[in-house]
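Engineer: Have a look at this one before I ask anything.
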Amino acid sequence: MSSNVAAQDLSPQEIMAVFLARDLKDREHVMVGVAMPIVEAAVRLAHLLHGPNMELIFFGTRMNVADRYTLPLPAFAWDNRVVRWAESFSDTGHRFEDVKHWHKRVFFIGGVQVDPHGNTNLIGVGPDYATLRFRGPGSVGTPTLSTHVGRYYIVLNSHSPRILVERCDYMSTYGWGGGGADARKKLGLPGGGPKYCVTPLCVMDFDEEDKHMRLHSVHPGVTPEEVQAQTGFALTMPDQLPTTPTPTPEELHALRTRVDPEGRLRRM
Amino acid sequence: MEPRTSHIIDEVEAANRIENGMTVAIGSPTPMALVRQIIRRGLKDLTVVDVGLSLDMLIAAGCVRKVVSYYAGGGFGVPVAPAFRRAAERGEIEVWECEEGILTLGLQAAAQGLPFLPWRGGVGTSLPEVNPDLKVFSDPIQGETLLAVPPIKPDVTLLHAAVSDEYGNVQHVGGPGWIDLFMQRAADHTIVQVEKVVANEAIRKDPWATTIAGADAIVRVPYGAHPFYSRGYYIQDNAHLKGYLDASTAAAKGDPETLQAYFARYCREPATHADYLEQIGIRRLLELHEY
């Protein structure tokens, strides 16, 4: 591999997309929900560069498009044109009839709040549920997906103490609950839980024992103090803190010319 | 003997079958000709099972008291549909908090006449707290912790499909939409609007393709899903939807003029679907025939 691209030429969203892309493996079933442009880019990049046998699932359409040079996707979640790339399609109801096989599946979840154990909230913010201060969009399929998929990633478009909070006002997905490596097992949740939380400042993982969020790497130019100041709870600090790797020239070329030629990830 | 009865009615009569306070499930592709007639009639206090911008329109038009929805995003980078957000934050609508799996199971429980069906997705979350109809229970076979999802019972389900004969035998292009068959099986009464009414012989030629057998009523409305897509017929009118979204966003911020003009122009003034199509214009409609 050639040397990586200098950080000043990259947007944090591009670094996020490449980090996620490298963590996805060939032959995995990768499902992308609505309104997650960084994740869309990551998945397509992995598919083009090292995942010719990946199955991509966008809004019920299952596709393999590794042979396509570029892949324009609609900006509107339920724009039916996404079906043009599909090899098969499953409707909402029937999509949930095969959870037995979801250990092969990888998913991504955003949130209006995320707590130290990777529990997330898409319901809303405010003490009184009947009159929320901020009403979220709703849970979509995340409660069921987070219960069953082999692993998932929490991906946030911004990193702030408003989003990364000590306690979610409401939980729409159960990550590691109140903490502990057996938290999910005790509730009978078969899926592998959240692996990383990726933000424009850093990557975080979960301590193997207490499953508390731990800084994994900081993006170039970001200090751990800065991350902590933008986080609403005390992060576990690792013994060694690397910098999130930047893309190789090949990765960046594919990202900018084949995956995101409109430059969405440079304008967020 | 009387001849077999036709199921065909028009969109005005279809909307007249819905009463204030009913539970109405709305499928996807979105049966917009019927949604617009609901708005035109000024129906009130509906419980609506729906997602996205059609849900937003019904709320913005004042038709909704309760929402059963797993997702009310706005699209175009707008995370939450504006009228939904404002009405929920002000406590003007009640939300039956759920998610895709739970909604599907609730509809299935209704269709099967069961008091509940069990589901795992949502165990450990706040869903049973904010929606007390969902009960956490220990299963009697293995003692696992699960959610009991009660039936969701639409009085009327409204769907959009490709074709039907006059007896309500519906065939989709490329299979039925989103969660439509669950909604149909759960409802007391299903009204399907279609792009085209075909001969009974055309249905009999390929009965395996029939997706809904004997829908209660059929409404013939070409372009009836506009501004949404209709599989095999036309694509989504994103410019129109963006216009609505901008108007709804402005209204949620206290400037309702554009939104009121939208409802007047597209829902209240056109008496029928044909009047609506004239308002949209043949030029725009034909543009939607290009992938």
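All residue names refer to the structure tokens as shown: chains lettered A, B, ... in order, residues numbered from 1 in each chain, ligands numbered from 1 in order.
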Residues of chain B near chain A: apply a cut-off of 6 Å, count only C-alpha atoms, and supply the list as a ChimeraX atom specification.

Structural biologist: /B:70-73,75-76,80,85,89-91,99-100,104,121-122,124-126,178-179

Engineer: Store the residues of this selection in a file with C-alpha atoms, as a short mmCIF file (atom, residue, chain, number, x, y, z; two decimals), in the first residue's frame.

Structural biologist:
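That gives us selection_15.cif:
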data_model
loop_
_atom_site.label_atom_id
_atom_site.label_comp_id
_atom_site.auth_asym_id
_atom_site.auth_seq_id
_atom_site.Cartn_x
_atom_site.Cartn_y
_atom_site.Cartn_z
CA TYR B 70 -42.26 3.47 13.23
CA TYR B 71 -40.73 6.25 11.16
CA ALA B 72 -41.67 9.85 10.47
CA GLY B 73 -38.61 11.16 8.66
CA GLY B 75 -36.45 12.94 3.58
CA PHE B 76 -34.13 15.35 1.75
CA VAL B 80 -38.14 14.47 11.29
CA ARG B 85 -42.68 16.83 15.06
CA GLU B 89 -44.03 18.14 20.78
CA ARG B 90 -47.14 20.20 21.54
CA GLY B 91 -49.07 17.16 22.64
CA GLU B 99 -41.03 -0.13 15.23
CA GLU B 100 -41.25 -2.13 12.00
CA THR B 104 -46.05 -5.98 11.47
CA GLY B 121 -37.11 -6.67 19.20
CA GLY B 122 -37.65 -3.92 21.78
CA GLY B 124 -34.71 -3.91 27.14
CA THR B 125 -35.73 -0.64 25.45
CA SER B 126 -38.16 2.10 26.53
CA TRP B 178 -44.11 -2.33 1.94
CA ILE B 179 -46.47 -3.70 4.58
#

Engineer: If DSSP is run on the backbone, what residues of region 41-148 of chain B are helix (DSSP H, G or I)? A reply as a ChimeraX atom specification would be ideal.

Structural biologist: /B:41,52-60,82-89,100-111,127-130

Engineer: So how far away is CA of Leu55 (chain B) from CA of Ala87 (chain B), in Å?

Structural biologist: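 Pair CA of Ala87 (chain B) / CA of Leu55 (chain B) returns 11.8 Å.
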
Engineer: Write down as an mmCIF file with all heavy atoms, in the first residue's frame the residues of region 15-183 of chain A whose backbone DSSP state falls under strand (DSSP E).

Structural biologist:
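Output file selection.cif follows:
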data_model
loop_
_atom_site.group_PDB
_atom_site.id
_atom_site.type_symbol
_atom_site.label_atom_id
_atom_site.label_comp_id
_atom_site.auth_asym_id
_atom_site.auth_seq_id
_atom_site.Cartn_x
_atom_site.Cartn_y
_atom_site.Cartn_z
ATOM 1 N N HIS A 29 -23.356 -9.534 4.909
ATOM 2 C CA HIS A 29 -24.613 -8.922 4.470
ATOM 3 C C HIS A 29 -24.712 -7.566 5.173
ATOM 4 O O HIS A 29 -24.821 -7.505 6.389
ATOM 5 C CB HIS A 29 -25.812 -9.781 4.871
ATOM 6 C CG HIS A 29 -25.782 -11.141 4.246
ATOM 7 N ND1 HIS A 29 -26.831 -12.018 4.356
ATOM 8 C CD2 HIS A 29 -24.851 -11.760 3.479
ATOM 9 C CE1 HIS A 29 -26.529 -13.131 3.697
ATOM 10 N NE2 HIS A 29 -25.347 -13.000 3.168
ATOM 11 N N VAL A 30 -24.646 -6.517 4.417
ATOM 12 C CA VAL A 30 -24.521 -5.197 5.019
ATOM 13 C C VAL A 30 -25.783 -4.393 4.748
ATOM 14 O O VAL A 30 -26.134 -4.139 3.598
ATOM 15 C CB VAL A 30 -23.292 -4.462 4.453
ATOM 16 C CG1 VAL A 30 -23.088 -3.169 5.193
ATOM 17 C CG2 VAL A 30 -22.056 -5.346 4.579
ATOM 18 N N MET A 31 -26.467 -4.016 5.806
ATOM 19 C CA MET A 31 -27.760 -3.342 5.657
ATOM 20 C C MET A 31 -27.633 -1.873 6.037
ATOM 21 O O MET A 31 -27.075 -1.542 7.079
ATOM 22 C CB MET A 31 -28.773 -4.031 6.561
ATOM 23 C CG MET A 31 -30.152 -3.453 6.401
ATOM 24 S SD MET A 31 -31.338 -4.496 7.268
ATOM 25 C CE MET A 31 -32.839 -3.619 6.900
ATOM 26 N N VAL A 32 -28.153 -1.019 5.170
ATOM 27 C CA VAL A 32 -28.073 0.424 5.405
ATOM 28 C C VAL A 32 -29.481 0.984 5.514
ATOM 29 O O VAL A 32 -30.325 0.735 4.664
ATOM 30 C CB VAL A 32 -27.322 1.126 4.247
ATOM 31 C CG1 VAL A 32 -27.225 2.618 4.514
ATOM 32 C CG2 VAL A 32 -25.934 0.524 4.068
ATOM 33 N N GLU A 55 -23.306 -8.605 0.223
ATOM 34 C CA GLU A 55 -24.677 -8.319 -0.175
ATOM 35 C C GLU A 55 -25.069 -7.005 0.478
ATOM 36 O O GLU A 55 -25.016 -6.864 1.694
ATOM 37 C CB GLU A 55 -25.599 -9.437 0.275
ATOM 38 C CG GLU A 55 -25.251 -10.721 -0.453
ATOM 39 C CD GLU A 55 -26.392 -11.709 -0.431
ATOM 40 O OE1 GLU A 55 -27.416 -11.435 0.212
ATOM 41 O OE2 GLU A 55 -26.244 -12.754 -1.075
ATOM 42 N N LEU A 56 -25.462 -6.055 -0.340
ATOM 43 C CA LEU A 56 -25.870 -4.753 0.167
ATOM 44 C C LEU A 56 -27.388 -4.718 0.255
ATOM 45 O O LEU A 56 -28.075 -5.127 -0.688
ATOM 46 C CB LEU A 56 -25.402 -3.644 -0.782
ATOM 47 C CG LEU A 56 -23.980 -3.101 -0.605
ATOM 48 C CD1 LEU A 56 -22.950 -4.206 -0.513
ATOM 49 C CD2 LEU A 56 -23.630 -2.158 -1.754
ATOM 50 N N ILE A 57 -27.892 -4.257 1.370
ATOM 51 C CA ILE A 57 -29.338 -4.177 1.527
ATOM 52 C C ILE A 57 -29.710 -2.730 1.830
ATOM 53 O O ILE A 57 -29.410 -2.215 2.907
ATOM 54 C CB ILE A 57 -29.831 -5.107 2.656
ATOM 55 C CG1 ILE A 57 -29.320 -6.540 2.420
ATOM 56 C CG2 ILE A 57 -31.349 -5.091 2.733
ATOM 57 C CD1 ILE A 57 -29.440 -7.451 3.613
ATOM 58 N N PHE A 58 -30.297 -2.079 0.837
ATOM 59 C CA PHE A 58 -30.741 -0.699 0.988
ATOM 60 C C PHE A 58 -32.270 -0.676 0.946
ATOM 61 O O PHE A 58 -32.862 -0.982 -0.084
ATOM 62 C CB PHE A 58 -30.240 0.178 -0.165
ATOM 63 C CG PHE A 58 -28.770 0.487 -0.120
ATOM 64 C CD1 PHE A 58 -27.862 -0.255 -0.846
ATOM 65 C CD2 PHE A 58 -28.298 1.548 0.640
ATOM 66 C CE1 PHE A 58 -26.498 0.045 -0.822
ATOM 67 C CE2 PHE A 58 -26.943 1.852 0.670
ATOM 68 C CZ PHE A 58 -26.039 1.103 -0.059
ATOM 69 N N THR A 61 -34.079 -3.509 -0.661
ATOM 70 C CA THR A 61 -33.513 -4.064 -1.885
ATOM 71 C C THR A 61 -32.174 -4.704 -1.564
ATOM 72 O O THR A 61 -31.352 -4.135 -0.859
ATOM 73 C CB THR A 61 -33.290 -2.989 -2.958
ATOM 74 O OG1 THR A 61 -32.384 -2.025 -2.434
ATOM 75 C CG2 THR A 61 -34.576 -2.325 -3.360
ATOM 76 N N ARG A 62 -31.987 -5.905 -2.089
ATOM 77 C CA ARG A 62 -30.730 -6.616 -1.878
ATOM 78 C C ARG A 62 -29.969 -6.589 -3.199
ATOM 79 O O ARG A 62 -30.512 -6.938 -4.236
ATOM 80 C CB ARG A 62 -31.044 -8.045 -1.453
ATOM 81 C CG ARG A 62 -29.852 -8.941 -1.241
ATOM 82 C CD ARG A 62 -30.321 -10.377 -1.057
ATOM 83 N NE ARG A 62 -29.445 -11.305 -1.736
ATOM 84 C CZ ARG A 62 -29.504 -11.603 -3.031
ATOM 85 N NH1 ARG A 62 -30.419 -11.061 -3.797
ATOM 86 N NH2 ARG A 62 -28.648 -12.442 -3.560
ATOM 87 N N MET A 63 -28.730 -6.129 -3.148
ATOM 88 C CA MET A 63 -28.003 -5.964 -4.405
ATOM 89 C C MET A 63 -26.535 -6.356 -4.267
ATOM 90 O O MET A 63 -25.971 -6.340 -3.174
ATOM 91 C CB MET A 63 -28.112 -4.506 -4.874
ATOM 92 C CG MET A 63 -27.582 -3.484 -3.892
ATOM 93 S SD MET A 63 -27.769 -1.788 -4.524
ATOM 94 C CE MET A 63 -29.362 -1.339 -3.904
ATOM 95 N N SER A 88 -33.052 -8.806 -5.563
ATOM 96 C CA SER A 88 -34.299 -9.229 -4.940
ATOM 97 C C SER A 88 -34.778 -8.113 -4.028
ATOM 98 O O SER A 88 -34.041 -7.167 -3.740
ATOM 99 C CB SER A 88 -34.113 -10.521 -4.136
ATOM 100 O OG SER A 88 -33.258 -10.296 -3.036
ATOM 101 N N PHE A 89 -36.017 -8.241 -3.594
ATOM 102 C CA PHE A 89 -36.627 -7.193 -2.782
ATOM 103 C C PHE A 89 -37.453 -7.849 -1.694
ATOM 104 O O PHE A 89 -38.106 -8.862 -1.925
ATOM 105 C CB PHE A 89 -37.537 -6.336 -3.675
ATOM 106 C CG PHE A 89 -38.162 -5.181 -2.945
ATOM 107 C CD1 PHE A 89 -37.448 -4.004 -2.737
ATOM 108 C CD2 PHE A 89 -39.455 -5.262 -2.451
ATOM 109 C CE1 PHE A 89 -38.012 -2.939 -2.056
ATOM 110 C CE2 PHE A 89 -40.020 -4.197 -1.769
ATOM 111 C CZ PHE A 89 -39.307 -3.036 -1.572
ATOM 112 N N ARG A 105 -25.399 -10.573 9.413
ATOM 113 C CA ARG A 105 -25.730 -9.227 8.960
ATOM 114 C C ARG A 105 -25.043 -8.157 9.809
ATOM 115 O O ARG A 105 -24.877 -8.299 11.003
ATOM 116 C CB ARG A 105 -27.251 -9.057 9.035
ATOM 117 C CG ARG A 105 -27.735 -7.805 8.406
ATOM 118 C CD ARG A 105 -29.231 -7.751 8.412
ATOM 119 N NE ARG A 105 -29.829 -8.590 7.382
ATOM 120 C CZ ARG A 105 -31.093 -8.450 6.973
ATOM 121 N NH1 ARG A 105 -31.859 -7.531 7.534
ATOM 122 N NH2 ARG A 105 -31.574 -9.230 6.038
ATOM 123 N N VAL A 106 -24.653 -7.076 9.113
ATOM 124 C CA VAL A 106 -24.042 -5.923 9.776
ATOM 125 C C VAL A 106 -24.967 -4.729 9.567
ATOM 126 O O VAL A 106 -25.538 -4.563 8.485
ATOM 127 C CB VAL A 106 -22.656 -5.619 9.150
ATOM 128 C CG1 VAL A 106 -22.006 -4.436 9.839
ATOM 129 C CG2 VAL A 106 -21.754 -6.847 9.214
ATOM 130 N N PHE A 107 -25.122 -3.910 10.603
ATOM 131 C CA PHE A 107 -26.049 -2.785 10.505
ATOM 132 C C PHE A 107 -25.432 -1.538 11.147
ATOM 133 O O PHE A 107 -24.389 -1.615 11.807
ATOM 134 C CB PHE A 107 -27.374 -3.162 11.201
ATOM 135 C CG PHE A 107 -28.488 -2.172 10.977
ATOM 136 C CD1 PHE A 107 -28.956 -1.905 9.706
ATOM 137 C CD2 PHE A 107 -29.068 -1.505 12.058
ATOM 138 C CE1 PHE A 107 -29.983 -0.997 9.503
ATOM 139 C CE2 PHE A 107 -30.098 -0.595 11.860
ATOM 140 C CZ PHE A 107 -30.547 -0.348 10.584
ATOM 141 N N PHE A 108 -26.073 -0.401 10.927
ATOM 142 C CA PHE A 108 -25.563 0.895 11.401
ATOM 143 C C PHE A 108 -26.719 1.682 12.013
ATOM 144 O O PHE A 108 -27.820 1.698 11.449
ATOM 145 C CB PHE A 108 -24.980 1.688 10.232
ATOM 146 C CG PHE A 108 -23.963 0.911 9.451
ATOM 147 C CD1 PHE A 108 -24.373 0.043 8.431
ATOM 148 C CD2 PHE A 108 -22.615 0.999 9.744
ATOM 149 C CE1 PHE A 108 -23.452 -0.699 7.715
ATOM 150 C CE2 PHE A 108 -21.687 0.252 9.032
ATOM 151 C CZ PHE A 108 -22.106 -0.591 8.015
ATOM 152 N N ILE A 109 -26.458 2.328 13.137
ATOM 153 C CA ILE A 109 -27.531 3.031 13.832
ATOM 154 C C ILE A 109 -27.067 4.442 14.200
ATOM 155 O O ILE A 109 -25.949 4.630 14.685
ATOM 156 C CB ILE A 109 -27.943 2.236 15.100
ATOM 157 C CG1 ILE A 109 -28.626 0.929 14.692
ATOM 158 C CG2 ILE A 109 -28.861 3.064 16.003
ATOM 159 C CD1 ILE A 109 -28.938 -0.010 15.827
ATOM 160 N N GLN A 113 -29.654 10.567 20.848
ATOM 161 C CA GLN A 113 -28.853 10.423 22.067
ATOM 162 C C GLN A 113 -28.186 9.042 22.054
ATOM 163 O O GLN A 113 -28.760 8.077 21.561
ATOM 164 C CB GLN A 113 -29.724 10.522 23.327
ATOM 165 C CG GLN A 113 -30.256 11.918 23.605
ATOM 166 C CD GLN A 113 -31.117 11.943 24.864
ATOM 167 O OE1 GLN A 113 -31.837 10.993 25.145
ATOM 168 N NE2 GLN A 113 -31.033 13.036 25.603
ATOM 169 N N VAL A 114 -26.971 9.002 22.608
ATOM 170 C CA VAL A 114 -26.255 7.739 22.783
ATOM 171 C C VAL A 114 -25.630 7.774 24.174
ATOM 172 O O VAL A 114 -25.058 8.794 24.561
ATOM 173 C CB VAL A 114 -25.133 7.580 21.725
ATOM 174 C CG1 VAL A 114 -24.378 6.276 21.927
ATOM 175 C CG2 VAL A 114 -25.704 7.648 20.314
ATOM 176 N N THR A 120 -29.105 3.581 22.401
ATOM 177 C CA THR A 120 -29.397 4.742 21.559
ATOM 178 C C THR A 120 -30.873 5.115 21.618
ATOM 179 O O THR A 120 -31.718 4.316 22.012
ATOM 180 C CB THR A 120 -29.026 4.479 20.081
ATOM 181 O OG1 THR A 120 -29.885 3.450 19.560
ATOM 182 C CG2 THR A 120 -27.580 4.045 19.937
ATOM 183 N N ASN A 121 -31.141 6.346 21.207
ATOM 184 C CA ASN A 121 -32.483 6.915 21.302
ATOM 185 C C ASN A 121 -32.845 7.614 19.999
ATOM 186 O O ASN A 121 -32.167 8.555 19.587
ATOM 187 C CB ASN A 121 -32.503 7.920 22.474
ATOM 188 C CG ASN A 121 -33.778 8.738 22.532
ATOM 189 O OD1 ASN A 121 -34.775 8.432 21.872
ATOM 190 N ND2 ASN A 121 -33.755 9.792 23.324
ATOM 191 N N GLY A 124 -36.944 10.564 21.170
ATOM 192 C CA GLY A 124 -37.029 12.005 21.405
ATOM 193 C C GLY A 124 -36.332 12.391 22.687
ATOM 194 O O GLY A 124 -35.795 11.551 23.404
ATOM 195 N N VAL A 125 -36.345 13.695 22.961
ATOM 196 C CA VAL A 125 -35.638 14.253 24.108
ATOM 197 C C VAL A 125 -36.610 15.089 24.920
ATOM 198 O O VAL A 125 -37.375 15.884 24.358
ATOM 199 C CB VAL A 125 -34.449 15.123 23.642
ATOM 200 C CG1 VAL A 125 -33.740 15.753 24.836
ATOM 201 C CG2 VAL A 125 -33.461 14.281 22.822
ATOM 202 N N PHE A 134 -37.837 17.607 22.018
ATOM 203 C CA PHE A 134 -37.524 17.298 20.630
ATOM 204 C C PHE A 134 -38.112 15.937 20.301
ATOM 205 O O PHE A 134 -37.777 14.937 20.932
ATOM 206 C CB PHE A 134 -36.005 17.271 20.393
ATOM 207 C CG PHE A 134 -35.629 16.711 19.037
ATOM 208 C CD1 PHE A 134 -35.834 17.457 17.875
ATOM 209 C CD2 PHE A 134 -35.123 15.419 18.907
ATOM 210 C CE1 PHE A 134 -35.527 16.928 16.627
ATOM 211 C CE2 PHE A 134 -34.812 14.892 17.664
ATOM 212 C CZ PHE A 134 -35.009 15.650 16.524
ATOM 213 N N ARG A 135 -39.019 15.907 19.336
ATOM 214 C CA ARG A 135 -39.594 14.639 18.912
ATOM 215 C C ARG A 135 -38.722 14.047 17.805
ATOM 216 O O ARG A 135 -38.513 14.684 16.771
ATOM 217 C CB ARG A 135 -41.034 14.863 18.426
ATOM 218 C CG ARG A 135 -41.693 13.670 17.745
ATOM 219 C CD ARG A 135 -41.914 12.497 18.685
ATOM 220 N NE ARG A 135 -41.495 11.252 18.026
ATOM 221 C CZ ARG A 135 -41.831 10.029 18.467
ATOM 222 N NH1 ARG A 135 -42.601 9.881 19.535
ATOM 223 N NH2 ARG A 135 -41.387 8.969 17.834
ATOM 224 N N ARG A 151 -23.316 -7.793 14.326
ATOM 225 C CA ARG A 151 -22.720 -6.633 14.995
ATOM 226 C C ARG A 151 -23.270 -5.375 14.348
ATOM 227 O O ARG A 151 -23.795 -5.423 13.230
ATOM 228 C CB ARG A 151 -21.204 -6.642 14.916
ATOM 229 C CG ARG A 151 -20.646 -6.397 13.530
ATOM 230 C CD ARG A 151 -19.123 -6.297 13.536
ATOM 231 N NE ARG A 151 -18.617 -5.845 12.255
ATOM 232 C CZ ARG A 151 -18.477 -6.609 11.178
ATOM 233 N NH1 ARG A 151 -18.833 -7.873 11.222
ATOM 234 N NH2 ARG A 151 -18.005 -6.110 10.053
ATOM 235 N N TYR A 152 -23.196 -4.266 15.063
ATOM 236 C CA TYR A 152 -23.573 -3.004 14.442
ATOM 237 C C TYR A 152 -22.667 -1.886 14.907
ATOM 238 O O TYR A 152 -21.908 -2.022 15.869
ATOM 239 C CB TYR A 152 -25.048 -2.677 14.647
ATOM 240 C CG TYR A 152 -25.538 -2.502 16.070
ATOM 241 C CD1 TYR A 152 -25.595 -1.243 16.658
ATOM 242 C CD2 TYR A 152 -25.996 -3.594 16.803
ATOM 243 C CE1 TYR A 152 -26.089 -1.063 17.945
ATOM 244 C CE2 TYR A 152 -26.493 -3.428 18.088
ATOM 245 C CZ TYR A 152 -26.532 -2.161 18.661
ATOM 246 O OH TYR A 152 -27.022 -2.001 19.925
ATOM 247 N N TYR A 153 -22.751 -0.795 14.147
ATOM 248 C CA TYR A 153 -21.941 0.381 14.412
ATOM 249 C C TYR A 153 -22.870 1.547 14.722
ATOM 250 O O TYR A 153 -23.897 1.712 14.062
ATOM 251 C CB TYR A 153 -21.107 0.744 13.177
ATOM 252 C CG TYR A 153 -20.166 -0.355 12.733
ATOM 253 C CD1 TYR A 153 -20.625 -1.409 11.932
ATOM 254 C CD2 TYR A 153 -18.831 -0.353 13.109
ATOM 255 C CE1 TYR A 153 -19.774 -2.419 11.527
ATOM 256 C CE2 TYR A 153 -17.970 -1.367 12.706
ATOM 257 C CZ TYR A 153 -18.444 -2.393 11.916
ATOM 258 O OH TYR A 153 -17.596 -3.395 11.521
ATOM 259 N N ILE A 154 -22.513 2.335 15.717
ATOM 260 C CA ILE A 154 -23.240 3.574 15.968
ATOM 261 C C ILE A 154 -22.480 4.667 15.227
ATOM 262 O O ILE A 154 -21.270 4.835 15.435
ATOM 263 C CB ILE A 154 -23.309 3.872 17.481
ATOM 264 C CG1 ILE A 154 -24.037 2.723 18.196
ATOM 265 C CG2 ILE A 154 -23.997 5.211 17.739
ATOM 266 C CD1 ILE A 154 -23.864 2.735 19.706
ATOM 267 N N VAL A 155 -23.148 5.347 14.317
ATOM 268 C CA VAL A 155 -22.482 6.348 13.487
ATOM 269 C C VAL A 155 -23.202 7.680 13.665
ATOM 270 O O VAL A 155 -24.408 7.783 13.418
ATOM 271 C CB VAL A 155 -22.478 5.922 12.004
ATOM 272 C CG1 VAL A 155 -21.732 6.946 11.161
ATOM 273 C CG2 VAL A 155 -21.836 4.541 11.841
#

Engineer: I'd like the contact shell of Leu49 (chain A) - 12 Å cut-off, only C-alpha atoms, skipping same-chain residues fewer than 4 positions apart - returned as a list in words.

Structural biologist: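 My list of contacting residues is Val18, Ala21, Arg22, Leu24, Lys25, Asp26, Ala42, Val43, Arg44, Leu45, Asn53, Met54, Val65, Ala66, Asp67, Arg68, Tyr69, Thr248, Glu250, Glu251, Leu252, His253, Ala254, Leu255, Arg258 and Val259 of chain A.
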
Engineer: Would you put the residues from that selection into a file with N, CA and C atoms, as a compact mmCIF listing (two decimals), in the first residue's frame?

Structural biologist:
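Just written: out19.txt:
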# COMPACT_ATOMS: atom_id res chain seq x y z
N VAL A 18 -13.93 5.74 5.44
CA VAL A 18 -12.85 4.80 5.14
C VAL A 18 -12.60 3.88 6.34
N ALA A 21 -15.36 1.35 6.17
CA ALA A 21 -15.20 0.47 5.00
C ALA A 21 -14.16 -0.61 5.29
N ARG A 22 -13.06 -0.23 5.93
CA ARG A 22 -12.00 -1.21 6.21
C ARG A 22 -12.47 -2.27 7.20
N LEU A 24 -15.42 -3.65 7.30
CA LEU A 24 -16.41 -4.56 6.71
C LEU A 24 -15.69 -5.62 5.90
N LYS A 25 -16.19 -6.85 5.98
CA LYS A 25 -15.50 -7.95 5.32
C LYS A 25 -16.30 -8.46 4.12
N ASP A 26 -15.56 -9.04 3.20
CA ASP A 26 -16.23 -9.65 2.05
C ASP A 26 -17.19 -10.74 2.54
N ALA A 42 -19.43 4.35 3.00
CA ALA A 42 -18.52 3.33 3.54
C ALA A 42 -18.81 1.96 2.94
N VAL A 43 -20.08 1.63 2.91
CA VAL A 43 -20.49 0.31 2.43
C VAL A 43 -20.15 0.15 0.95
N ARG A 44 -20.44 1.17 0.18
CA ARG A 44 -20.17 1.08 -1.25
C ARG A 44 -18.67 1.03 -1.53
N LEU A 45 -17.90 1.77 -0.72
CA LEU A 45 -16.45 1.75 -0.88
C LEU A 45 -15.89 0.35 -0.59
N ASN A 53 -18.23 -10.04 -2.91
CA ASN A 53 -19.32 -10.97 -2.56
C ASN A 53 -20.20 -10.43 -1.44
N MET A 54 -20.04 -9.14 -1.13
CA MET A 54 -20.93 -8.55 -0.14
C MET A 54 -22.34 -8.48 -0.68
N VAL A 65 -23.45 -4.89 -6.54
CA VAL A 65 -23.19 -3.96 -7.65
C VAL A 65 -21.69 -3.68 -7.79
N ALA A 66 -20.88 -4.69 -7.37
CA ALA A 66 -19.43 -4.50 -7.41
C ALA A 66 -18.92 -4.29 -8.84
N ASP A 67 -19.72 -4.75 -9.81
CA ASP A 67 -19.27 -4.61 -11.20
C ASP A 67 -19.57 -3.22 -11.76
N ARG A 68 -20.23 -2.39 -11.02
CA ARG A 68 -20.56 -1.06 -11.54
C ARG A 68 -19.47 -0.06 -11.17
N TYR A 69 -19.12 0.80 -12.09
CA TYR A 69 -18.07 1.75 -11.78
C TYR A 69 -18.55 2.77 -10.75
N THR A 248 -5.65 5.56 2.00
CA THR A 248 -4.58 5.50 1.00
C THR A 248 -5.05 6.33 -0.21
N GLU A 250 -5.41 5.31 -3.14
CA GLU A 250 -6.34 4.48 -3.91
C GLU A 250 -7.74 4.55 -3.30
N GLU A 251 -7.79 4.46 -1.97
CA GLU A 251 -9.10 4.53 -1.30
C GLU A 251 -9.76 5.89 -1.54
N LEU A 252 -8.95 6.93 -1.42
CA LEU A 252 -9.53 8.27 -1.57
C LEU A 252 -9.98 8.51 -3.01
N HIS A 253 -9.20 7.99 -3.95
CA HIS A 253 -9.59 8.15 -5.35
C HIS A 253 -10.93 7.45 -5.61
N ALA A 254 -11.06 6.22 -5.11
CA ALA A 254 -12.32 5.49 -5.30
C ALA A 254 -13.47 6.20 -4.60
N LEU A 255 -13.19 6.68 -3.40
CA LEU A 255 -14.25 7.37 -2.64
C LEU A 255 -14.74 8.61 -3.39
N ARG A 258 -15.80 7.42 -7.46
CA ARG A 258 -16.76 6.35 -7.74
C ARG A 258 -17.91 6.30 -6.74
N VAL A 259 -17.64 6.70 -5.50
CA VAL A 259 -18.66 6.57 -4.47
C VAL A 259 -19.36 7.90 -4.20

Engineer: With only C-alpha atoms as the basis for distance, which of B:Met22, B:Val130, B:Ile280, B:Cys267 is at the shortest distance from Asp155 (chain B)?

Structural biologist: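 Looking at the shortest contact to Asp155 (chain B), the residue is B:Met22.
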
Engineer: Of the residues B:Leu127, B:Ala83, B:Ile93, B:Leu34, which is the one nearest to Gly52 (chain B), using only C-alpha atoms?

Structural biologist: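 Checking each of B:Leu127, B:Ala83, B:Ile93, B:Leu34 against Gly52 (chain B), counting only C-alpha atoms, the winner is B:Ala83.
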
Engineer: Counting only C-alpha atoms, figure out which residue out of B:Ile141, B:Ile8, B:Ala186, B:Val194 gets nearest to Tyr223 (chain B).

Structural biologist: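 Checking each of B:Ile141, B:Ile8, B:Ala186, B:Val194 against Tyr223 (chain B), counting only C-alpha atoms, the winner is B:Val194.
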
Engineer: Please indicate the distance in Å from CA of Leu156 (chain A) to CA of Met237 (chain A), rounded to one decimal place.

Structural biologist: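 Distance between the two atoms: 20.0 Å.
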
Engineer: Applying 6 Å and only C-alpha atoms, which residues near region 180-185 of chain B remain after dropping the ones on its own chain fewer than 3 positions away? List them as a PyMOL selection string.

Structural biologist: chain B and resi 27+107+111+157+177+190

Engineer: To one decimal place in Å, what is the distance between CA of Ile26 (chain B) and CA of Trp96 (chain B)?

Structural biologist: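 CA of Trp96 (chain B) lies 15.5 Å from CA of Ile26 (chain B).
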